[in-house]
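First the structure, in the form of structure tokens, and then the observations on it.
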Amino acid sequence: MLTLISKEIRSFLGSLIGYIVIVVFLTIIGLLMWVFPGGTNVLDGGYASIDALFYIAPWIFMFLVPAITMRLFAEESRTGTIELLLTKPLTDFQIVLAKYIAGFTLVFFSLLPTLVYFYSVYQLGNPIGNIDVGGTMGSYFGLLFLASVFVAIGVFASAITKNQIISFIVAVFLCSFCYVGFELISSLEFFGSVDDIILKLGINEHYISMSRGVIDTRDVVYFLSTIGLFLILTKTVLSSRKW
């Protein structure tokens, strides 16, 4: 299993597109936070805070994560190596888990450089260090949980098709819907008193809760359950090839 994880990470980092995806993510975040004027510009805000990062990142992750995960199973299916992979001494769920861990590791590494932004704001504070460190760390945990759900969705999308482009499009749609779709549906008057239940089915409600710096077990359970759901669906798709 560790060999498969290592193989996926090396395969991604061994291609130019892997570095392009990460560089584009960091460039967009950096420009919006430090260069372009507006509400997301840290210097224009006048406060020692990187809340702009946690507002911008989910929208970029909707495209970044599918770009990372689109090839995980789709490429294997296209080249026919999926059949060879299934003959390895690994269970279907171990294969799915290995692909998921590899995808999450790559997203995690793409997020690590943003700690430079945190350090910069920490130094720019008056006095130095005048930033809510605990709240910021809580927000980072929320962003990691959100990214982990997006990775699970991306792995599922990659498993249902042989075409990487279709996998990317499906993953972007599912990530977008899970992030804001339920919120939009709950705003319709048609659902009446159940709108609060529908709202809590969406990622954004739980992400906002964790972004306040409070780690609520209900939010953690939600994220872990959603990850588990999509991994089980992926395992079911993979197992169906043997039927």
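Identifiers for the structure tokens are assigned positionally: chains receive A, B, ... in sequence, residues are indexed from 1 per chain, and ligands are indexed from 1 in the order shown.
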Excluding same-chain residues fewer than 2 positions from Lys99 in chain A, what lies within 10 Å of it counting only C-alpha atoms, as a ChimeraX atom specification?
/A:1,4-9,69,72-73,93-97,101-105,151-152,155
I'd like the contact shell of Val23 in chain A - 12 Å cut-off, only C-alpha atoms, skipping same-chain residues fewer than 5 positions apart - returned as a list of chain:residue names.
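The filter keeps A:Leu16, A:Ile17, A:Gly18, A:Ile28, A:Ile29, A:Gly30, A:Leu31, A:Leu64, A:Phe109, A:Ser110, A:Leu111, A:Pro113, A:Thr114.
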Enumerate, as an MDAnalysis selection string, the complete set of residues in range 115-157 of chain A that a backbone-based DSSP assignment places in helix (DSSP H, G or I).
chainID A and resid 115:124 133:157
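CA of Gly213 in chain A is positioned 8.3 Å from CA of Gly142 in chain A.
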Could you list, as an MDAnalysis selection string, every residue within 8 Å of Ile68 in chain A, counting only C-alpha atoms and ignoring same-chain residues fewer than 2 positions away?
chainID A and resid 12 18 21 64:66 70:71 103 106:107
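Once range 132-135 of chain A and its same-chain neighbours fewer than 5 positions away are set aside, A:Ala48, A:Ser49, A:Tyr122, A:Tyr140, A:Ser211, A:Arg212, A:Gly213, A:Val214 remain within 9 Å of it when counting only C-alpha atoms.
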Closest-contact table, range 104-161 of chain A side, partner range 219-239 of chain A, 8 Å, counting only C-alpha atoms, as a tab-separated table:
```
residue	atom	partner	partner_atom	distance
A:Phe145	CA	A:Phe223	CA	6.4
A:Leu146	CA	A:Phe223	CA	7.5
A:Ser148	CA	A:Ile227	CA	7.2
A:Val149	CA	A:Ile227	CA	5.3
A:Ala152	CA	A:Ile227	CA	5.6
A:Ile153	CA	A:Phe230	CA	6.0
A:Val155	CA	A:Thr234	CA	7.1
A:Phe156	CA	A:Thr234	CA	4.8
A:Ala159	CA	A:Thr234	CA	6.3
A:Ile160	CA	A:Val237	CA	6.7
```
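Between CA of Ser158 in chain A and CA of Thr91 in chain A there is a distance of 18.4 Å.
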Can you tell me which residues surround Gly181 in chain A at a distance of at most 12 Å, considering only C-alpha atoms, apart from same-chain residues fewer than 3 positions away, and format the answer as an MDAnalysis selection string?
chainID A and resid 173:178 184:188 198:205
Using Å and a single decimal, report how far CA of Leu53 in chain A sits from CA of Thr40 in chain A.
8.0 Å
